[in-house]
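Colleague: Dropping in data.cif, with mmCIF, C-alpha atoms and all ligand atoms.
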data_protein
loop_
_atom_site.label_atom_id
_atom_site.label_comp_id
_atom_site.auth_asym_id
_atom_site.auth_seq_id
_atom_site.Cartn_x
_atom_site.Cartn_y
_atom_site.Cartn_z
CA MET T 1311 -16.97 81.77 -62.24
CA GLU T 1312 -20.40 82.17 -63.81
CA GLU T 1313 -19.22 85.21 -65.74
CA ILE T 1314 -16.18 83.56 -67.31
CA ARG T 1315 -18.39 80.58 -68.16
CA ARG T 1316 -20.74 82.77 -70.15
CA VAL T 1317 -17.81 84.44 -71.90
CA ALA T 1318 -16.36 81.04 -72.78
CA GLU T 1319 -19.68 79.80 -74.16
CA ALA T 1320 -20.22 82.92 -76.28
CA TYR T 1321 -16.65 82.67 -77.50
CA TYR T 1322 -17.11 79.02 -78.41
CA GLU T 1323 -20.31 79.71 -80.37
CA HIS T 1324 -18.36 82.04 -82.67
CA LEU T 1325 -15.55 79.62 -83.41
CA PRO T 1326 -15.30 78.24 -86.94
CA GLU T 1327 -16.44 74.61 -87.22
CA ASN T 1328 -12.87 73.51 -87.73
CA ASP T 1329 -11.72 75.03 -84.43
CA LYS T 1330 -14.65 73.41 -82.64
CA LYS T 1331 -13.48 70.10 -84.06
CA LEU T 1332 -9.94 70.77 -82.80
CA LEU T 1333 -11.26 71.42 -79.30
CA LYS T 1334 -13.25 68.20 -79.45
CA ASN T 1335 -10.04 66.40 -80.41
CA LYS T 1336 -8.18 68.05 -77.57
CA PHE T 1337 -10.93 67.00 -75.18
CA ASN T 1338 -10.67 63.41 -76.43
CA SER T 1339 -6.90 63.41 -76.03
CA MET T 1340 -7.30 64.50 -72.41
CA ASP T 1341 -10.03 61.93 -71.83
CA LYS T 1342 -7.64 59.00 -71.77
CA ASN T 1343 -10.17 56.27 -70.96
CA GLY T 1344 -12.73 57.64 -73.39
CA ASP T 1345 -15.67 57.82 -70.98
CA GLY T 1346 -16.57 61.31 -72.18
CA ARG T 1347 -15.36 63.00 -69.01
CA ILE T 1348 -12.02 64.34 -67.89
CA SER T 1349 -11.30 63.04 -64.43
CA ARG T 1350 -9.08 64.95 -62.02
CA ARG T 1351 -6.34 62.41 -62.63
CA GLU T 1352 -6.60 62.73 -66.42
CA TYR T 1353 -6.53 66.49 -66.06
CA MET T 1354 -3.43 66.54 -63.86
CA LYS T 1355 -1.64 64.04 -66.08
CA TYR T 1356 -2.30 66.09 -69.19
CA PHE T 1357 -1.08 69.40 -67.81
CA LYS T 1358 1.95 67.93 -66.06
CA LYS T 1359 2.98 66.49 -69.43
CA GLU T 1360 2.30 69.82 -71.15
CA LYS T 1361 4.31 71.53 -68.40
CA ALA T 1362 1.45 73.99 -68.01
CA LYS T 1363 1.99 74.50 -64.30
CA GLY T 1364 -0.35 77.46 -64.15
CA LEU T 1365 -3.27 75.14 -64.77
CA THR T 1366 -2.49 72.43 -62.24
CA PRO T 1367 -3.57 74.05 -58.94
CA GLN T 1368 -6.48 72.06 -57.50
CA SER T 1369 -8.52 75.24 -57.18
CA ILE T 1370 -8.68 75.53 -60.98
CA PHE T 1371 -10.08 72.05 -61.46
CA ARG T 1372 -12.59 72.62 -58.67
CA ALA T 1373 -13.71 75.90 -60.23
CA LEU T 1374 -14.11 74.28 -63.65
CA ASP T 1375 -16.15 71.39 -62.26
CA LYS T 1376 -19.44 73.26 -62.12
CA ASP T 1377 -21.67 70.37 -61.01
CA GLU T 1378 -18.98 69.14 -58.58
CA ASN T 1379 -19.10 65.55 -59.76
CA GLY T 1380 -15.32 65.28 -59.84
CA SER T 1381 -14.90 65.32 -63.62
CA LEU T 1382 -15.22 67.72 -66.52
CA ASP T 1383 -17.70 67.14 -69.33
CA PHE T 1384 -17.26 68.95 -72.63
CA GLU T 1385 -19.43 71.88 -71.53
CA GLU T 1386 -17.31 72.41 -68.43
CA ALA T 1387 -14.13 72.03 -70.47
CA LYS T 1388 -15.13 74.93 -72.73
CA VAL T 1389 -14.09 77.26 -69.92
CA LEU T 1390 -10.76 75.46 -69.71
CA PHE T 1391 -10.17 75.88 -73.45
CA TYR T 1392 -11.04 79.52 -73.17
CA ILE T 1393 -8.53 80.01 -70.36
CA MET T 1394 -5.91 78.12 -72.36
CA GLN T 1395 -6.30 80.25 -75.47
CA SER T 1396 -6.40 83.53 -73.58
CA GLY T 1397 -3.05 82.86 -71.96
CA LYS T 1398 -2.51 81.48 -68.53
CA ALA T 1399 -4.96 81.19 -65.71
CA ILE T 1400 -4.62 84.00 -63.22
CA THR T 1401 -4.01 82.83 -59.68
CA CYS T 1402 -3.69 84.89 -56.52
CA MET T 1403 -0.04 85.65 -55.68
CA ALA T 1404 -0.85 85.37 -51.98
CA CYS T 1405 -3.12 82.33 -51.59
CA GLU T 1406 -2.71 80.78 -55.08
CA LYS T 1407 -6.46 80.55 -55.57
CA PHE T 1408 -7.66 80.61 -59.16
CA MET T 1409 -9.36 83.93 -59.88
CA ALA T 1410 -12.22 83.69 -62.35
CA GLY T 1411 -13.85 87.02 -61.61
CA ALA T 1412 -12.71 90.37 -60.27
CA TYR T 1413 -9.31 90.69 -58.63
CA PHE T 1414 -6.79 93.38 -57.73
CA SER T 1415 -3.49 94.13 -59.40
CA CYS T 1416 -0.62 96.45 -58.49
CA SER T 1417 -0.83 99.20 -61.11
CA GLN T 1418 2.90 100.01 -60.93
CA CYS T 1419 3.79 96.42 -61.75
CA PHE T 1420 0.96 96.15 -64.28
CA PHE T 1421 2.16 99.05 -66.40
CA ASP T 1422 5.88 98.36 -66.00
CA GLY T 1423 6.65 95.82 -68.69
CA ALA T 1424 9.92 94.91 -66.97
CA LYS T 1425 8.17 93.63 -63.87
CA SER T 1426 5.79 90.73 -63.60
CA LYS T 1427 2.20 91.47 -62.66
CA PHE T 1428 1.19 91.21 -59.03
CA ASP T 1429 -2.39 89.97 -58.86
CA ILE T 1430 -4.27 89.15 -55.68
CA CYS T 1431 -7.79 87.98 -54.96
CA CYS T 1432 -10.38 90.21 -53.31
CA ASP T 1433 -10.17 88.24 -50.05
CA CYS T 1434 -6.41 88.66 -49.72
CA TYR T 1435 -6.56 92.31 -50.74
CA GLY T 1436 -9.49 93.16 -48.48
CA GLY T 1437 -8.00 91.19 -45.61
CA LYS T 1438 -4.52 92.70 -46.24
CA LYS T 1439 -3.12 89.19 -46.44
CA PHE T 1440 -0.17 89.94 -48.72
CA THR T 1441 3.16 91.72 -48.82
CA HIS T 1442 4.29 93.92 -51.68
CA HIS T 1443 6.58 96.91 -52.29
CA ASP T 1444 5.89 100.23 -50.57
CA GLY T 1445 3.59 102.72 -52.23
CA ALA T 1446 1.81 100.16 -54.37
CA THR T 1447 -1.44 101.36 -55.92
CA PHE T 1448 -3.93 98.57 -56.34
CA CYS T 1449 -6.68 98.65 -58.93
CA ASP T 1450 -9.32 96.09 -59.73
CA ASN T 1451 -8.85 94.36 -63.08
CA TYR T 1452 -11.83 96.10 -64.73
CA THR T 1453 -10.46 99.52 -63.88
CA LEU T 1454 -7.01 98.56 -65.16
CA LEU T 1455 -8.54 97.32 -68.37
CA SER T 1456 -10.26 100.62 -69.05
CA GLU T 1457 -7.18 102.58 -67.93
CA SER T 1458 -5.15 100.61 -70.49
CA ARG T 1459 -7.17 102.28 -73.19
CA SER T 1460 -5.89 105.63 -72.05
CA PRO T 1461 -3.53 107.10 -74.66
CA ALA T 1462 -0.95 107.62 -71.91
CA ILE T 1463 -0.36 103.89 -71.74
CA ALA T 1464 0.39 103.72 -75.45
CA ALA T 1465 3.49 105.84 -74.80
CA PRO T 1466 6.89 104.37 -75.70
CA ALA T 1467 8.76 102.61 -72.90
CA LYS T 1468 10.98 105.57 -71.98
CA GLU T 1469 7.96 107.79 -71.55
CA ARG T 1470 6.11 105.17 -69.60
CA SER T 1471 7.29 106.36 -66.22
CA SER T 1472 5.74 109.76 -66.84
CA ALA T 1473 2.62 108.02 -68.11
CA LEU T 1474 2.57 106.07 -64.88
CA ARG T 1475 2.76 109.30 -62.90
CA THR T 1476 -0.19 110.56 -64.92
CA ILE T 1477 -2.13 107.45 -63.99
CA GLU T 1478 -1.23 107.90 -60.35
CA ILE T 1479 -2.58 111.42 -60.53
CA ILE T 1480 -5.75 110.24 -62.26
CA VAL T 1481 -6.17 107.47 -59.72
CA GLY T 1482 -5.37 109.80 -56.82
CA VAL T 1483 -7.82 112.45 -57.96
CA ALA T 1484 -10.46 109.89 -58.71
CA SER T 1485 -10.22 108.27 -55.31
CA ILE T 1486 -10.45 111.67 -53.64
CA ALA T 1487 -13.51 112.37 -55.76
CA GLY T 1488 -14.80 109.02 -54.61
CA ASN T 1489 -16.14 108.02 -57.99
CA LEU T 1490 -13.56 105.37 -58.69
CA THR T 1491 -13.88 103.10 -55.74
CA GLY T 1492 -11.93 100.35 -57.47
CA CYS T 1493 -8.63 102.13 -56.99
CA ILE T 1494 -7.19 102.69 -53.58
CA MET T 1495 -3.91 104.36 -52.79
CA MET T 1496 -1.93 102.30 -50.30
CA CA T 1501 -12.12 60.06 -68.70
CA CA T 1502 -18.46 68.05 -63.72
ZN ZN T 1503 -5.77 85.30 -52.36
ZN ZN T 1504 3.87 96.31 -57.58
#
As a first step, turn the structure in this file into structure tokens.

Modeller:
Amino acid sequence: MEEIRRVAEAYYEHLPENDKKLLKNKFNSMDKNGDGRISRREYMKYFKKEKAKGLTPQSIFRALDKDENGSLDFEEAKVLFYIMQSGKAITCMACEKFMAGAYFSCSQCFFDGAKSKFDICCDCYGGKKFTHHDGATFCDNYTLLSESRSPAIAAPAKERSSALRTIEIIVGVASIAGNLTGCIMM
């Protein structure tokens, strides 16, 4: 969580003054009783109304509440705003825990735009506490991110399956070479 917090803070520092003001307004609209803190109840109420289900798991609120006092001050909420603008929070498909740091993702599902991503936390992956299709190749998110820069991924959809094979070969070779420990053939 510490890592995403630092990213969120750096991101916030570079926002134009106007956007900072908008976030302050958003914070105030979530802080219904105006005590300068977003309580768990205020948080849940806000996201239920917004129908942002991805943000309602208790684990997300707990992770955001750095000092564990049961409410979010503006500093803590910066991480929330960062998660909100960068899309939806990523939760483990097996245990539904909010994943703020490294996690594993099925590379076949990741690169196949037609399928939804299959992301699982390190605990569930390491402990084999999940079920997924046969032959799935799991990569950690950092590896996937750098693999996405590979020109093969930029291929048009119909060529994507051959691009995927290329990735499987790269991943396969790399794991044999032992220099890409993040990727493991299942
Ligand atoms: Ca409040
Ligand atoms: Ca707090
Ligand atoms: Zn999990
Ligand atoms: Zn998959």

Colleague: Can you pull out the residues contacting region 1356-1367 of chain T? Cut-off 10 Å, using only C-alpha atoms, and skip same-chain residues under 3 positions away; I want them as an mmCIF file with C-alpha atoms, in the frame of the given file.

Modeller:
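The result, stored in part_37.cif:
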data_model
loop_
_atom_site.group_PDB
_atom_site.id
_atom_site.type_symbol
_atom_site.label_atom_id
_atom_site.label_comp_id
_atom_site.auth_asym_id
_atom_site.auth_seq_id
_atom_site.Cartn_x
_atom_site.Cartn_y
_atom_site.Cartn_z
ATOM 1 C CA SER T 1339 -6.900 63.410 -76.030
ATOM 2 C CA MET T 1340 -7.300 64.500 -72.410
ATOM 3 C CA ASP T 1341 -10.030 61.930 -71.830
ATOM 4 C CA LYS T 1342 -7.640 59.000 -71.770
ATOM 5 C CA ILE T 1348 -12.020 64.340 -67.890
ATOM 6 C CA ARG T 1350 -9.080 64.950 -62.020
ATOM 7 C CA ARG T 1351 -6.340 62.410 -62.630
ATOM 8 C CA GLU T 1352 -6.600 62.730 -66.420
ATOM 9 C CA TYR T 1353 -6.530 66.490 -66.060
ATOM 10 C CA ILE T 1370 -8.680 75.530 -60.980
ATOM 11 C CA PHE T 1371 -10.080 72.050 -61.460
ATOM 12 C CA ARG T 1372 -12.590 72.620 -58.670
ATOM 13 C CA LEU T 1390 -10.760 75.460 -69.710
ATOM 14 C CA ILE T 1393 -8.530 80.010 -70.360
ATOM 15 C CA MET T 1394 -5.910 78.120 -72.360
ATOM 16 C CA GLY T 1397 -3.050 82.860 -71.960
ATOM 17 C CA LYS T 1398 -2.510 81.480 -68.530
ATOM 18 C CA ALA T 1399 -4.960 81.190 -65.710
ATOM 19 C CA ILE T 1400 -4.620 84.000 -63.220
ATOM 20 C CA THR T 1401 -4.010 82.830 -59.680
ATOM 21 C CA GLU T 1406 -2.710 80.780 -55.080
ATOM 22 C CA LYS T 1407 -6.460 80.550 -55.570
ATOM 23 C CA PHE T 1408 -7.660 80.610 -59.160
#

Colleague: With a distance cut-off of 7 Å and only C-alpha atoms, select the neighbouring residues of region 1420-1435 of chain T, excluding the residue or stretch itself and same-chain residues fewer than 6 positions from it, and output the selection as a ChimeraX atom specification.

Modeller: /T:1402-1404,1409,1413-1414

Colleague: Can those selected residues be exported to a file as a JSON list (two decimals), in the frame of the given file so that it contains C-alpha atoms?

Modeller:
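Result file again14.json:
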[["chain", "number", "residue", "atom", "x", "y", "z"],
["T", 1402, "CYS", "CA", -3.69, 84.89, -56.52],
["T", 1403, "MET", "CA", -0.04, 85.65, -55.68],
["T", 1404, "ALA", "CA", -0.85, 85.37, -51.98],
["T", 1409, "MET", "CA", -9.36, 83.93, -59.88],
["T", 1413, "TYR", "CA", -9.31, 90.69, -58.63],
["T", 1414, "PHE", "CA", -6.79, 93.38, -57.73]]

Colleague: Mind listing the residues within 7 Å of ligand ZN 1504 (chain T), only C-alpha atoms and all ligand atoms counted, as a PyMOL selection string?

Modeller: chain T and resi 1416-1419+1428+1442-1443+1446

Colleague: Please identify every polymer residue within 6 Å of ligand CA 1502 (chain T), using all atoms listed in the file, and present the set as a PyMOL selection string.

Modeller: chain T and resi 1375-1383

Colleague: Taking all atoms listed in the file into account, name the residue in T:Lys1336, T:Lys1388, T:Arg1347, T:Lys1355 that is nearest to Arg1316 (chain T).

Modeller: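 Of all the options, T:Lys1388 lies closest to Arg1316 (chain T).
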
Colleague: Which residue out of T:Leu1454, T:Leu1325, T:Leu1333, T:Val1389 has the minimum interatomic distance to Glu1312 (chain T) when only C-alpha atoms are used?

Modeller: T:Val1389

Colleague: Kindly give the distance, in Å, that separates CA of Asp1450 (chain T) and CA of Gly1437 (chain T), rounded to a single decimal.

Modeller: 15.0 Å

Colleague: Just give me the gap between CA of Gly1411 (chain T) and CA of Met1311 (chain T) in Å, one decimal is fine.

Modeller: 6.1 Å

Colleague: To one decimal place, how far is CA of Ser1415 (chain T) from atom ZN of ligand ZN 1503 (chain T) in Å?

Modeller: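 Interatomic distance, CA of Ser1415 (chain T) to atom ZN of ligand ZN 1503 (chain T): 11.5 Å.
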
Colleague: When you count only C-alpha atoms and all ligand atoms, which of these residues is closest to ligand CA 1501 (chain T): T:Phe1337, T:Tyr1392, T:Phe1440, T:Tyr1452?

Modeller: T:Phe1337

Colleague: For ligand ZN 1503 (chain T), which residue among T:Leu1455, T:Met1354, T:Ala1320, T:Ala1410 is the nearest when counting all atoms listed in the file?

Modeller: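 The answer is T:Ala1410, which sits nearest to ligand ZN 1503 (chain T).
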
Colleague: Choose the residue, out of T:Ala1412, T:Ala1387, T:Ala1318, T:Cys1449, that has the smallest atom-to-atom separation from Lys1334 (chain T); count all atoms listed in the file.

Modeller: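 Closest to Lys1334 (chain T), using all atoms listed in the file: T:Ala1387.
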